[in-house]
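The file start.pdb comes next; it holds PDB, C-alpha atoms.
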ATOM      1  CA  MET Y 929       0.000   0.000   0.000
ATOM      2  CA  ALA Y 930       2.928   2.347  -0.527
ATOM      3  CA  SER Y 931       3.253   4.543  -3.599
ATOM      4  CA  HIS Y 932       2.688   2.400  -6.665
ATOM      5  CA  ARG Y 933       5.006   3.798  -9.306
ATOM      6  CA  ARG Y 934       4.863   2.354 -12.789
ATOM      7  CA  PRO Y 935       8.225   1.573 -14.409
ATOM      8  CA  THR Y 936       8.806   2.701 -17.978
ATOM      9  CA  GLN Y 937       9.352  -0.921 -19.125
ATOM     10  CA  SER Y 938       6.334  -2.660 -20.611
ATOM     11  CA  GLY Y 939       7.814  -6.169 -20.679
ATOM     12  CA  LEU Y 940      10.247  -8.160 -18.566
ATOM     13  CA  SER Y 941      13.107  -9.631 -20.534
ATOM     14  CA  GLN Y 942      15.887 -11.210 -18.509
ATOM     15  CA  SER Y 943      18.104  -8.126 -18.695
ATOM     16  CA  THR Y 944      15.175  -5.855 -17.903
ATOM     17  CA  ARG Y 945      14.219  -8.008 -14.936
ATOM     18  CA  VAL Y 946      17.684  -7.691 -13.480
ATOM     19  CA  THR Y 947      17.613  -3.932 -14.050
ATOM     20  CA  VAL Y 948      14.229  -3.632 -12.362
ATOM     21  CA  LEU Y 949      15.411  -5.679  -9.393
ATOM     22  CA  SER Y 950      18.572  -3.579  -8.999
ATOM     23  CA  ALA Y 951      16.570  -0.367  -9.233
ATOM     24  CA  ALA Y 952      14.052  -1.738  -6.750
ATOM     25  CA  ALA Y 953      16.822  -2.561  -4.276
ATOM     26  CA  ALA Y 954      18.225   0.945  -4.575
ATOM     27  CA  THR Y 955      14.776   2.450  -4.128
ATOM     28  CA  ALA Y 956      14.181   0.248  -1.102
ATOM     29  CA  ALA Y 957      17.413   1.382   0.531
ATOM     30  CA  ALA Y 958      16.460   5.013   0.014
ATOM     31  CA  ALA Y 959      12.887   4.468   1.169
ATOM     32  CA  PHE Y 960      13.822   2.726   4.384
ATOM     33  CA  ALA Y 961      16.575   5.182   5.193
ATOM     34  CA  ALA Y 962      14.001   7.978   5.211
ATOM     35  CA  PRO Y 963      12.585   9.034   8.591
ATOM     36  CA  ALA Y 964       9.067   7.985   9.473
ATOM     37  CA  SER Y 965       8.038  11.563  10.264
ATOM     38  CA  ALA Y 966       6.610  13.764   7.546
ATOM     39  CA  ASP Y 967       9.075  15.474   5.257
ATOM     40  CA  PRO Y 968       8.317  19.171   4.706
ATOM     41  CA  GLY Y 969       8.662  18.516   0.971
ATOM     42  CA  ASP Y 970       6.144  15.666   0.978
ATOM     43  CA  THR Y 971       3.042  16.042  -1.110
ATOM     44  CA  GLY Y 972      -0.356  15.091   0.216
ATOM     45  CA  LYS Y 973      -0.173  11.916  -1.856
ATOM     46  CA  ASP Y 974       3.200  11.071  -0.269
ATOM     47  CA  ARG Y 975       1.682  11.344   3.199
ATOM     48  CA  ILE Y 976      -1.323   9.242   2.194
ATOM     49  CA  ASP Y 977       0.958   6.585   0.683
ATOM     50  CA  ARG Y 978       3.035   6.489   3.860
ATOM     51  CA  LEU Y 979      -0.058   6.167   6.063
ATOM     52  CA  PHE Y 980      -1.416   3.405   3.860
ATOM     53  CA  ALA Y 981       1.920   1.594   4.138
ATOM     54  CA  GLN Y 982       1.853   1.918   7.929
ATOM     55  CA  ALA Y 983      -1.757   0.721   7.995
ATOM     56  CA  GLU Y 984      -0.796  -2.305   5.914
ATOM     57  CA  GLU Y 985       2.053  -3.151   8.277
ATOM     58  CA  ALA Y 986      -0.422  -3.001  11.164
ATOM     59  CA  THR Y 987      -2.919  -5.067   9.137
ATOM     60  CA  GLU Y 988      -0.381  -7.873   8.708
ATOM     61  CA  GLN Y 989       0.325  -7.778  12.453
ATOM     62  CA  TYR Y 990      -3.431  -7.937  13.028
ATOM     63  CA  ASN Y 991      -3.674 -10.942  10.697
ATOM     64  CA  LYS Y 992      -0.827 -12.656  12.546
ATOM     65  CA  ALA Y 993      -2.389 -12.110  15.966
ATOM     66  CA  ASP Y 994      -5.826 -13.144  14.697
ATOM     67  CA  GLU Y 995      -4.423 -16.336  13.157
ATOM     68  CA  HIS Y 996      -2.652 -17.122  16.436
ATOM     69  CA  ALA Y 997      -5.910 -16.594  18.341
ATOM     70  CA  ASP Y 998      -7.708 -19.010  16.000
ATOM     71  CA  GLN Y 999      -4.993 -21.630  16.549
ATOM     72  CA  LEU Y1000      -5.235 -21.190  20.318
ATOM     73  CA  ARG Y1001      -9.016 -21.604  20.239
ATOM     74  CA  GLU Y1002      -8.629 -24.901  18.386
ATOM     75  CA  GLN Y1003      -5.916 -26.097  20.797
ATOM     76  CA  ILE Y1004      -8.064 -25.142  23.793
ATOM     77  CA  HIS Y1005     -11.043 -26.980  22.323
ATOM     78  CA  GLN Y1006      -8.919 -30.095  21.820
ATOM     79  CA  ALA Y1007      -7.458 -29.908  25.337
ATOM     80  CA  GLN Y1008     -10.905 -29.442  26.884
ATOM     81  CA  ASP Y1009     -12.228 -32.388  24.879
ATOM     82  CA  VAL Y1010      -9.352 -34.585  26.132
ATOM     83  CA  VAL Y1011     -10.051 -33.461  29.717
ATOM     84  CA  ALA Y1012     -13.786 -34.236  29.424
ATOM     85  CA  ARG Y1013     -13.217 -37.695  27.929
ATOM     86  CA  GLY Y1014     -10.449 -38.411  30.457
ATOM     87  CA  GLN Y1015     -12.681 -37.423  33.367
ATOM     88  CA  GLU Y1016     -15.373 -39.811  32.128
ATOM     89  CA  ARG Y1017     -12.798 -42.615  32.035
ATOM     90  CA  ILE Y1018     -11.592 -41.745  35.543
ATOM     91  CA  ASN Y1019     -15.165 -41.849  36.813
ATOM     92  CA  ARG Y1020     -15.704 -45.301  35.253
ATOM     93  CA  MET Y1021     -12.420 -46.574  36.735
ATOM     94  CA  ARG Y1022     -13.366 -45.253  40.178
ATOM     95  CA  GLY Y1023     -16.748 -46.944  39.956
ATOM     96  CA  ALA Y1024     -15.216 -50.291  38.992
ATOM     97  CA  LEU Y1025     -12.578 -50.077  41.733
ATOM     98  CA  GLY Y1026     -15.221 -49.159  44.284
ATOM     99  CA  ALA Y1027     -17.259 -52.239  43.431
ATOM    100  CA  ILE Y1028     -14.195 -54.477  43.756
ATOM    101  CA  ALA Y1029     -13.228 -52.887  47.078
ATOM    102  CA  GLY Y1030     -16.756 -53.428  48.407
ATOM    103  CA  ALA Y1031     -16.703 -57.081  47.383
ATOM    104  CA  GLN Y1032     -13.334 -57.602  49.104
ATOM    105  CA  TYR Y1033     -14.537 -55.928  52.252
ATOM    106  CA  ARG Y1034     -17.626 -58.075  52.403
ATOM    107  CA  ALA Y1035     -15.623 -61.251  51.695
ATOM    108  CA  GLY Y1036     -13.044 -60.342  54.328
ATOM    109  CA  GLY Y1037     -15.628 -59.847  57.048
ATOM    110  CA  LEU Y1038     -15.599 -63.581  57.891
ATOM    111  CA  ASP Y1039     -12.537 -65.503  59.093
ATOM    112  CA  PRO Y1040     -11.308 -67.645  56.149
ATOM    113  CA  SER Y1041     -10.997 -70.823  58.243
ATOM    114  CA  LEU Y1042     -14.513 -70.438  59.644
ATOM    115  CA  ALA Y1043     -15.865 -69.685  56.178
ATOM    116  CA  LEU Y1044     -14.190 -72.896  54.954
ATOM    117  CA  LEU Y1045     -15.786 -74.931  57.755
ATOM    118  CA  LEU Y1046     -19.219 -73.479  57.098
ATOM    119  CA  SER Y1047     -18.943 -73.843  53.359
ATOM    120  CA  GLU Y1048     -21.069 -76.560  51.872
ATOM    121  CA  ASP Y1049     -18.500 -76.946  49.116
ATOM    122  CA  PRO Y1050     -14.871 -76.325  50.256
ATOM    123  CA  ASP Y1051     -13.645 -76.485  46.671
ATOM    124  CA  THR Y1052     -15.951 -73.626  45.771
ATOM    125  CA  TYR Y1053     -14.569 -71.523  48.636
ATOM    126  CA  LEU Y1054     -10.978 -72.158  47.563
ATOM    127  CA  ASP Y1055     -11.860 -71.101  43.998
ATOM    128  CA  LYS Y1056     -13.372 -67.876  45.348
ATOM    129  CA  ALA Y1057     -10.301 -67.178  47.500
ATOM    130  CA  ALA Y1058      -7.980 -67.552  44.504
ATOM    131  CA  ALA Y1059     -10.241 -65.238  42.509
ATOM    132  CA  LEU Y1060     -10.059 -62.604  45.286
ATOM    133  CA  ASP Y1061      -6.253 -62.747  45.159
ATOM    134  CA  ARG Y1062      -6.343 -62.135  41.445
ATOM    135  CA  ILE Y1063      -8.821 -59.295  41.959
ATOM    136  CA  GLY Y1064      -6.407 -57.740  44.436
ATOM    137  CA  GLU Y1065      -3.573 -57.794  41.927
ATOM    138  CA  ARG Y1066      -5.805 -56.363  39.209
ATOM    139  CA  GLN Y1067      -7.060 -53.687  41.585
ATOM    140  CA  SER Y1068      -3.476 -52.579  42.296
ATOM    141  CA  ALA Y1069      -2.778 -52.316  38.568
ATOM    142  CA  GLU Y1070      -5.997 -50.380  37.992
ATOM    143  CA  LEU Y1071      -5.199 -48.033  40.861
ATOM    144  CA  ARG Y1072      -1.839 -47.261  39.269
ATOM    145  CA  GLU Y1073      -3.584 -46.677  35.932
ATOM    146  CA  LEU Y1074      -6.104 -44.386  37.635
ATOM    147  CA  GLN Y1075      -3.315 -42.342  39.208
ATOM    148  CA  GLN Y1076      -1.554 -42.007  35.838
ATOM    149  CA  GLU Y1077      -4.784 -40.897  34.167
ATOM    150  CA  GLN Y1078      -5.416 -38.329  36.899
ATOM    151  CA  ARG Y1079      -1.915 -36.906  36.433
ATOM    152  CA  ARG Y1080      -2.401 -36.750  32.636
ATOM    153  CA  ILE Y1081      -5.740 -34.981  32.939
ATOM    154  CA  GLY Y1082      -4.268 -32.598  35.504
ATOM    155  CA  GLN Y1083      -1.542 -31.662  33.028
ATOM    156  CA  LYS Y1084      -4.143 -31.141  30.279
ATOM    157  CA  ARG Y1085      -6.169 -28.888  32.582
ATOM    158  CA  THR Y1086      -3.051 -26.846  33.320
ATOM    159  CA  GLU Y1087      -2.267 -26.640  29.606
ATOM    160  CA  ALA Y1088      -5.812 -25.470  28.805
ATOM    161  CA  THR Y1089      -5.643 -22.828  31.543
ATOM    162  CA  ARG Y1090      -2.308 -21.549  30.203
ATOM    163  CA  LYS Y1091      -3.644 -21.382  26.650
ATOM    164  CA  LEU Y1092      -6.755 -19.526  27.791
ATOM    165  CA  ALA Y1093      -4.521 -16.877  29.337
ATOM    166  CA  GLU Y1094      -2.480 -16.754  26.137
ATOM    167  CA  LEU Y1095      -5.679 -16.378  24.121
ATOM    168  CA  GLU Y1096      -6.674 -13.362  26.188
ATOM    169  CA  ARG Y1097      -3.290 -11.767  25.476
ATOM    170  CA  SER Y1098      -3.692 -12.544  21.766
ATOM    171  CA  ARG Y1099      -7.168 -10.998  21.754
ATOM    172  CA  ALA Y1100      -5.748  -7.849  23.328
ATOM    173  CA  GLU Y1101      -3.044  -7.797  20.641
ATOM    174  CA  VAL Y1102      -5.660  -8.179  17.891
ATOM    175  CA  ALA Y1103      -7.615  -5.254  19.318
ATOM    176  CA  ARG Y1104      -4.474  -3.119  19.590
ATOM    177  CA  HIS Y1105      -3.494  -3.714  15.954
ATOM    178  CA  LYS Y1106      -7.071  -3.079  14.864
ATOM    179  CA  ARG Y1107      -7.002   0.326  16.588
ATOM    180  CA  THR Y1108      -3.691   1.129  14.878
ATOM    181  CA  VAL Y1109      -5.032   0.218  11.426
ATOM    182  CA  GLU Y1110      -8.202   2.219  11.884
ATOM    183  CA  ALA Y1111      -6.277   5.227  13.217
ATOM    184  CA  LYS Y1112      -3.875   5.218  10.243
ATOM    185  CA  LEU Y1113      -6.709   4.890   7.743
ATOM    186  CA  ALA Y1114      -8.676   7.669   9.433
ATOM    187  CA  GLN Y1115      -5.594   9.887   9.315
ATOM    188  CA  ALA Y1116      -5.127   9.092   5.617
ATOM    189  CA  ARG Y1117      -8.753  10.056   4.946
ATOM    190  CA  ARG Y1118      -8.252  13.374   6.744
ATOM    191  CA  VAL Y1119      -5.155  14.116   4.659
ATOM    192  CA  LEU Y1120      -7.063  13.188   1.502
ATOM    193  CA  LEU Y1121      -9.980  15.469   2.381
ATOM    194  CA  ALA Y1122      -7.547  18.318   3.063
ATOM    195  CA  LEU Y1123      -6.021  18.078  -0.427
ATOM    196  CA  PRO Y1124      -6.934  20.672  -3.039
ATOM    197  CA  THR Y1125      -9.895  19.549  -5.124
ATOM    198  CA  SER Y1126      -7.784  18.882  -8.219
ATOM    199  CA  GLU Y1127      -5.253  16.726  -6.297
ATOM    200  CA  ARG Y1128      -7.998  14.800  -4.545
ATOM    201  CA  ALA Y1129      -9.736  14.126  -7.852
ATOM    202  CA  ALA Y1130      -6.449  12.928  -9.392
ATOM    203  CA  PHE Y1131      -5.817  10.598  -6.437
ATOM    204  CA  ASP Y1132      -9.346   9.201  -6.714
ATOM    205  CA  ARG Y1133      -8.898   8.567 -10.432
ATOM    206  CA  VAL Y1134      -5.687   6.626  -9.839
ATOM    207  CA  SER Y1135      -7.166   4.667  -6.921
ATOM    208  CA  ARG Y1136     -10.398   3.762  -8.654
ATOM    209  CA  SER Y1137      -9.115   3.240 -12.174
ATOM    210  CA  GLY Y1138      -9.201  -0.491 -11.460
ATOM    211  CA  ARG Y1139      -6.511  -1.439 -13.975
ATOM    212  CA  GLY Y1140      -8.717  -4.437 -14.461
ATOM    213  CA  GLU Y1141      -8.054  -4.795 -18.148
ATOM    214  CA  LEU Y1142      -6.131  -7.987 -18.909
ATOM    215  CA  PRO Y1143      -2.554  -7.087 -19.896
ATOM    216  CA  ASP Y1144      -0.699  -9.017 -22.560
ATOM    217  CA  LEU Y1145       0.310 -12.240 -20.849
ATOM    218  CA  SER Y1146       1.002 -14.258 -23.970
ATOM    219  CA  GLY Y1147       3.830 -16.712 -23.537
ATOM    220  CA  ALA Y1148       3.639 -16.586 -19.723
ATOM    221  CA  VAL Y1149       3.901 -20.171 -18.460
ATOM    222  CA  PRO Y1150       2.994 -20.917 -14.820
ATOM    223  CA  ALA Y1151       5.576 -22.720 -12.700
ATOM    224  CA  SER Y1152       3.207 -25.648 -11.999
ATOM    225  CA  GLY Y1153      -0.386 -26.819 -12.235
ATOM    226  CA  ARG Y1154      -1.187 -25.440  -8.782
ATOM    227  CA  ALA Y1155       0.394 -22.115  -9.745
ATOM    228  CA  ALA Y1156      -1.823 -22.005 -12.844
ATOM    229  CA  ALA Y1157      -4.913 -22.643 -10.699
ATOM    230  CA  ALA Y1158      -3.888 -19.908  -8.250
ATOM    231  CA  VAL Y1159      -3.336 -17.414 -11.088
ATOM    232  CA  ALA Y1160      -6.762 -18.244 -12.536
ATOM    233  CA  ALA Y1161      -8.369 -17.603  -9.119
ATOM    234  CA  ALA Y1162      -6.498 -14.320  -8.664
ATOM    235  CA  ARG Y1163      -7.692 -13.141 -12.088
ATOM    236  CA  GLN Y1164     -11.268 -13.824 -11.026
ATOM    237  CA  ALA Y1165     -10.757 -11.516  -8.047
ATOM    238  CA  VAL Y1166      -9.701  -8.520 -10.170
ATOM    239  CA  GLY Y1167     -12.071  -5.636  -9.468
ATOM    240  CA  ARG Y1168     -13.100  -6.773  -5.989
ATOM    241  CA  PRO Y1169     -12.484  -4.256  -3.194
ATOM    242  CA  TYR Y1170      -9.565  -4.020  -0.820
ATOM    243  CA  VAL Y1171     -10.819  -4.815   2.691
ATOM    244  CA  TRP Y1172      -8.204  -4.895   5.416
ATOM    245  CA  GLY Y1173      -8.147  -8.127   7.414
ATOM    246  CA  ALA Y1174     -10.227  -9.946   4.748
ATOM    247  CA  ASN Y1175      -9.358 -13.077   2.776
ATOM    248  CA  GLY Y1176     -12.329 -13.277   0.439
ATOM    249  CA  PRO Y1177     -14.368 -13.956  -1.362
ATOM    250  CA  SER Y1178     -16.008 -10.513  -1.539
ATOM    251  CA  GLY Y1179     -12.962  -8.496  -0.433
ATOM    252  CA  PHE Y1180      -9.266  -8.947   0.257
ATOM    253  CA  ASP Y1181      -6.177  -7.495   1.804
ATOM    254  CA  CYS Y1182      -2.891  -8.307   0.075
ATOM    255  CA  SER Y1183      -2.039 -11.564   1.868
ATOM    256  CA  GLY Y1184      -5.698 -12.562   2.039
ATOM    257  CA  LEU Y1185      -5.828 -12.532  -1.767
ATOM    258  CA  MET Y1186      -2.767 -14.809  -1.995
ATOM    259  CA  GLN Y1187      -4.176 -17.214   0.593
ATOM    260  CA  TRP Y1188      -7.581 -17.337  -1.126
ATOM    261  CA  SER Y1189      -6.080 -17.802  -4.590
ATOM    262  CA  TYR Y1190      -3.826 -20.679  -3.570
ATOM    263  CA  ALA Y1191      -6.655 -22.303  -1.595
ATOM    264  CA  HIS Y1192      -8.357 -22.742  -4.988
ATOM    265  CA  ALA Y1193      -5.284 -24.737  -6.004
ATOM    266  CA  GLY Y1194      -5.520 -26.938  -2.908
ATOM    267  CA  VAL Y1195      -2.570 -25.224  -1.211
ATOM    268  CA  GLY Y1196      -2.859 -23.822   2.315
ATOM    269  CA  LEU Y1197      -0.768 -20.655   2.624
ATOM    270  CA  PRO Y1198      -0.095 -18.925   5.950
ATOM    271  CA  ARG Y1199      -2.211 -15.847   6.644
ATOM    272  CA  THR Y1200       0.425 -13.108   6.661
ATOM    273  CA  SER Y1201       2.659 -11.765   3.907
ATOM    274  CA  GLN Y1202       5.715 -12.205   6.153
ATOM    275  CA  ALA Y1203       4.960 -15.923   6.520
ATOM    276  CA  GLN Y1204       3.936 -16.357   2.874
ATOM    277  CA  ARG Y1205       7.367 -15.250   1.674
ATOM    278  CA  TYR Y1206       8.737 -18.445   3.289
ATOM    279  CA  ALA Y1207       5.997 -20.734   1.916
ATOM    280  CA  GLY Y1208       8.231 -22.064  -0.867
ATOM    281  CA  ARG Y1209      11.656 -21.627  -2.379
ATOM    282  CA  ARG Y1210      13.205 -18.321  -3.349
ATOM    283  CA  VAL Y1211      13.795 -17.516  -6.997
ATOM    284  CA  PRO Y1212      15.430 -14.477  -8.608
ATOM    285  CA  LEU Y1213      13.278 -11.911 -10.374
ATOM    286  CA  ALA Y1214      14.861 -12.872 -13.711
ATOM    287  CA  GLU Y1215      13.344 -16.364 -13.309
ATOM    288  CA  ALA Y1216       9.893 -15.297 -12.068
ATOM    289  CA  GLN Y1217       6.961 -17.297 -13.447
ATOM    290  CA  PRO Y1218       3.182 -16.890 -13.096
ATOM    291  CA  GLY Y1219       2.037 -17.936  -9.637
ATOM    292  CA  ASP Y1220       5.212 -16.806  -7.846
ATOM    293  CA  LEU Y1221       4.661 -14.597  -4.804
ATOM    294  CA  VAL Y1222       6.342 -11.194  -4.871
ATOM    295  CA  ALA Y1223       6.956  -9.673  -1.423
ATOM    296  CA  TYR Y1224       7.564  -5.932  -1.143
ATOM    297  CA  ARG Y1225       9.414  -3.661   1.263
ATOM    298  CA  SER Y1226      12.130  -4.901   3.570
ATOM    299  CA  ASP Y1227       9.574  -6.182   6.085
ATOM    300  CA  ALA Y1228       7.486  -8.017   3.426
ATOM    301  CA  SER Y1229       4.412  -6.042   4.548
ATOM    302  CA  HIS Y1230       2.913  -6.204   1.043
ATOM    303  CA  ILE Y1231       2.632  -9.172  -1.302
ATOM    304  CA  ALA Y1232       1.398  -9.798  -4.841
ATOM    305  CA  MET Y1233       1.220 -12.619  -7.395
ATOM    306  CA  TYR Y1234       3.368 -12.517 -10.502
ATOM    307  CA  VAL Y1235       1.278 -13.297 -13.598
ATOM    308  CA  GLY Y1236       3.828 -12.855 -16.397
ATOM    309  CA  ASN Y1237       5.271 -10.191 -18.700
ATOM    310  CA  GLY Y1238       6.243  -7.893 -15.855
ATOM    311  CA  GLN Y1239       2.778  -7.804 -14.239
ATOM    312  CA  VAL Y1240       1.386  -8.763 -10.843
ATOM    313  CA  ILE Y1241      -2.105  -9.040  -9.390
ATOM    314  CA  HIS Y1242      -2.582  -7.646  -5.904
ATOM    315  CA  ALA Y1243      -4.948  -5.918  -3.478
ATOM    316  CA  PRO Y1244      -3.309  -2.458  -3.312
ATOM    317  CA  TYR Y1245      -4.845  -0.364  -0.508
ATOM    318  CA  PRO Y1246      -8.240   0.889   0.769
ATOM    319  CA  GLY Y1247     -10.279   2.420  -2.019
ATOM    320  CA  ALA Y1248      -8.358   0.612  -4.753
ATOM    321  CA  PRO Y1249      -9.733  -2.702  -6.073
ATOM    322  CA  VAL Y1250      -7.741  -5.837  -6.809
ATOM    323  CA  ARG Y1251      -5.847  -5.031 -10.013
ATOM    324  CA  TYR Y1252      -2.865  -5.559 -12.270
ATOM    325  CA  ASP Y1253       0.271  -3.484 -11.709
ATOM    326  CA  PRO Y1254       3.899  -3.608 -12.863
ATOM    327  CA  VAL Y1255       6.069  -5.927 -10.772
ATOM    328  CA  GLY Y1256       8.440  -3.040 -10.015
ATOM    329  CA  MET Y1257       5.736  -0.834  -8.486
ATOM    330  CA  MET Y1258       7.458  -0.971  -5.073
ATOM    331  CA  PRO Y1259      10.802  -2.138  -3.697
ATOM    332  CA  ILE Y1260      10.913  -5.948  -4.009
ATOM    333  CA  SER Y1261      12.265  -7.921  -1.068
ATOM    334  CA  SER Y1262      11.842 -11.511  -2.349
ATOM    335  CA  ILE Y1263      10.111 -13.805  -4.836
ATOM    336  CA  THR Y1264       8.802 -17.170  -3.693
ATOM    337  CA  ARG Y1265       7.769 -20.171  -5.755
ATOM    338  CA  VAL Y1266       5.082 -22.130  -3.901
TER     339      VAL Y1266
END

As structure tokens, how would this structure be written, given the file I've shared?
Amino acid sequence: MASHRRPTQSGLSQSTRVTVLSAAAATAAAAFAAPASADPGDTGKDRIDRLFAQAEEATEQYNKADEHADQLREQIHQAQDVVARGQERINRMRGALGAIAGAQYRAGGLDPSLALLLSEDPDTYLDKAAALDRIGERQSAELRELQQEQRRIGQKRTEATRKLAELERSRAEVARHKRTVEAKLAQARRVLLALPTSERAAFDRVSRSGRGELPDLSGAVPASGRAAAAVAAARQAVGRPYVWGANGPSGFDCSGLMQWSYAHAGVGLPRTSQAQRYAGRRVPLAEAQPGDLVAYRSDASHIAMYVGNGQVIHAPYPGAPVRYDPVGMMPISSITRV
């Protein structure tokens, strides 16, 4: 969501790709050396671009915290399920042991020698006595098993309690990043409204132009069948709105679009752009093929999908729909083949 500058090149030959990458690296160094505070020489558009970039960084942190919260909820559910099933088993074991203990108590209430004398069938008594010995051994084993199960369930309860506390911290982090995103976007809107009418109209034209027309992608060969499926899905999303924190199908942020597109190819990508850059192997820009993920800025806070002939599809920033743009629109940090 930083300034999207179009390069003068219309294609991406190998030499041009290398040139674009070198220029992008130089631009990145200059961009990240600049202070975060406003430069007196900045235009209104520069300030809006910077606020959008900061909002996108916060959006990716929001996505990360939200994904972590979802994982914790699933882990807590699993731990609580184990505890519930384990407690049922403990209750059954206690019931069985209680019945055995009662039987032993009742059998032990009469002196064995007297019971033998009074027995109508001494052989039957001896059989019962041997059975009680075996019950005693089994009871000891079941007691040990009960103790082990109680310890295991106790550990699971502790684990669930710890994860619940972690979930609360993650929820607080989600809320904090949400406030940051909304504050940056509100600030960008205020700057936009303060622009002269002609500048505001020009910014709106650029943002809403869509760039939805299909560029010349003849000869562009995807890296694999799943890459081809992901590219086809991304093309279907062209024109849909940017919605921060969304991963489709009606709206997307940058990493949400990549995740949604590759899901159509049967590939589960991580939620954030920072994690997506490590979802495959790195390739140089000169070898980029359709379906490769292009991460931007040194912190990989923006990501797009290369579709061939020097073009990417991405969700740019609020107010701008999913669209095609030149691969060199921002400083490139890495290219990943999924």

Can you tell me, as a compact mmCIF listing (two decimals) with C-alpha atoms, keeping the file's coordinate frame, what residues are no more than 12 Å from Y:Lys1084 when counting all atoms listed in the file, ignoring any on the same chain fewer than 4 positions away?
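As a result, selection-v5.txt now contains:
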# COMPACT_ATOMS: atom_id res chain seq x y z
CA GLN Y 1003 -5.92 -26.10 20.80
CA ILE Y 1004 -8.06 -25.14 23.79
CA HIS Y 1005 -11.04 -26.98 22.32
CA GLN Y 1006 -8.92 -30.10 21.82
CA ALA Y 1007 -7.46 -29.91 25.34
CA GLN Y 1008 -10.90 -29.44 26.88
CA ASP Y 1009 -12.23 -32.39 24.88
CA VAL Y 1010 -9.35 -34.58 26.13
CA VAL Y 1011 -10.05 -33.46 29.72
CA ALA Y 1012 -13.79 -34.24 29.42
CA ARG Y 1013 -13.22 -37.70 27.93
CA GLY Y 1014 -10.45 -38.41 30.46
CA GLN Y 1015 -12.68 -37.42 33.37
CA GLU Y 1077 -4.78 -40.90 34.17
CA GLN Y 1078 -5.42 -38.33 36.90
CA ARG Y 1079 -1.92 -36.91 36.43
CA ARG Y 1080 -2.40 -36.75 32.64
CA ALA Y 1088 -5.81 -25.47 28.80
CA THR Y 1089 -5.64 -22.83 31.54
CA ARG Y 1090 -2.31 -21.55 30.20
CA LYS Y 1091 -3.64 -21.38 26.65

Spell out the residues picked by the PyMOL selection byres ((chain Y and resi 1214-1229) around 7) here, as a PyMOL selection string.
chain Y and resi 942+945-946+956+984-985+988+1148-1151+1155-1156+1158-1159+1201-1202+1205+1211-1213+1230-1236+1258-1266

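The space between atom CA of Y:Ala1111 and atom CA of Y:Ala981 spans 12.8 Å.
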
Just checking: using only C-alpha atoms, which residue out of Y:Thr1200, Y:Asn1237, Y:Asn991, Y:Gln999 ends up closest to Y:Leu1095?
Y:Gln999

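Counting all atoms listed in the file and comparing Y:Ala1093, Y:Ala1191, Y:Leu1123, Y:Ala1116, the residue that lies closest to Y:Pro1177 is Y:Ala1191.
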
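Of note, atom CA of Y:Gly1256 and atom CA of Y:Ser1126 are spaced 27.3 Å apart.
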
As an exercise, work out the distance from atom CA of Y:Tyr1245 to atom CA of Y:Pro1169 in Å and give it to one decimal place.
9.0 Å

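Residue nearest Y:Arg1001, chosen from Y:Glu1073, Y:Glu1094, Y:Asp970, Y:Glu1016 and counting all atoms listed in the file: Y:Glu1094.
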
Which residues fall under the PyMOL selection byres ((chain Y and resi 1115) around 12) in this file, as a ChimeraX atom specification?
/Y:972,975-980,982-983,1108-1114,1116-1122

Counting all atoms listed in the file, which residue out of Y:Ala1069, Y:Met1021, Y:Met1186, Y:Ala993 sits closest to Y:His1242?
Y:Met1186

Could you complete stretch 1006-1015 of chain Y so that it carries N, CA and C atoms, and give it back as an mmCIF file, in the frame of the given file?
data_model
loop_
_atom_site.group_PDB
_atom_site.id
_atom_site.type_symbol
_atom_site.label_atom_id
_atom_site.label_comp_id
_atom_site.auth_asym_id
_atom_site.auth_seq_id
_atom_site.Cartn_x
_atom_site.Cartn_y
_atom_site.Cartn_z
ATOM 1 N N GLN Y 1006 -9.439 -28.731 21.790
ATOM 2 C CA GLN Y 1006 -8.919 -30.095 21.820
ATOM 3 C C GLN Y 1006 -8.532 -30.511 23.240
ATOM 4 N N ALA Y 1007 -7.870 -29.596 23.963
ATOM 5 C CA ALA Y 1007 -7.458 -29.908 25.337
ATOM 6 C C ALA Y 1007 -8.678 -30.132 26.229
ATOM 7 N N GLN Y 1008 -9.697 -29.281 26.064
ATOM 8 C CA GLN Y 1008 -10.905 -29.442 26.884
ATOM 9 C C GLN Y 1008 -11.635 -30.743 26.543
ATOM 10 N N ASP Y 1009 -11.596 -31.127 25.287
ATOM 11 C CA ASP Y 1009 -12.228 -32.388 24.879
ATOM 12 C C ASP Y 1009 -11.492 -33.570 25.509
ATOM 13 N N VAL Y 1010 -10.147 -33.520 25.505
ATOM 14 C CA VAL Y 1010 -9.352 -34.585 26.132
ATOM 15 C C VAL Y 1010 -9.659 -34.662 27.629
ATOM 16 N N VAL Y 1011 -9.757 -33.489 28.283
ATOM 17 C CA VAL Y 1011 -10.051 -33.461 29.717
ATOM 18 C C VAL Y 1011 -11.414 -34.082 29.999
ATOM 19 N N ALA Y 1012 -12.431 -33.722 29.202
ATOM 20 C CA ALA Y 1012 -13.786 -34.236 29.424
ATOM 21 C C ALA Y 1012 -13.837 -35.750 29.246
ATOM 22 N N ARG Y 1013 -13.211 -36.253 28.167
ATOM 23 C CA ARG Y 1013 -13.217 -37.695 27.929
ATOM 24 C C ARG Y 1013 -12.395 -38.425 29.001
ATOM 25 N N GLY Y 1014 -11.279 -37.805 29.417
ATOM 26 C CA GLY Y 1014 -10.449 -38.411 30.457
ATOM 27 C C GLY Y 1014 -11.167 -38.474 31.792
ATOM 28 N N GLN Y 1015 -11.945 -37.421 32.098
ATOM 29 C CA GLN Y 1015 -12.681 -37.423 33.367
ATOM 30 C C GLN Y 1015 -13.749 -38.509 33.381
#
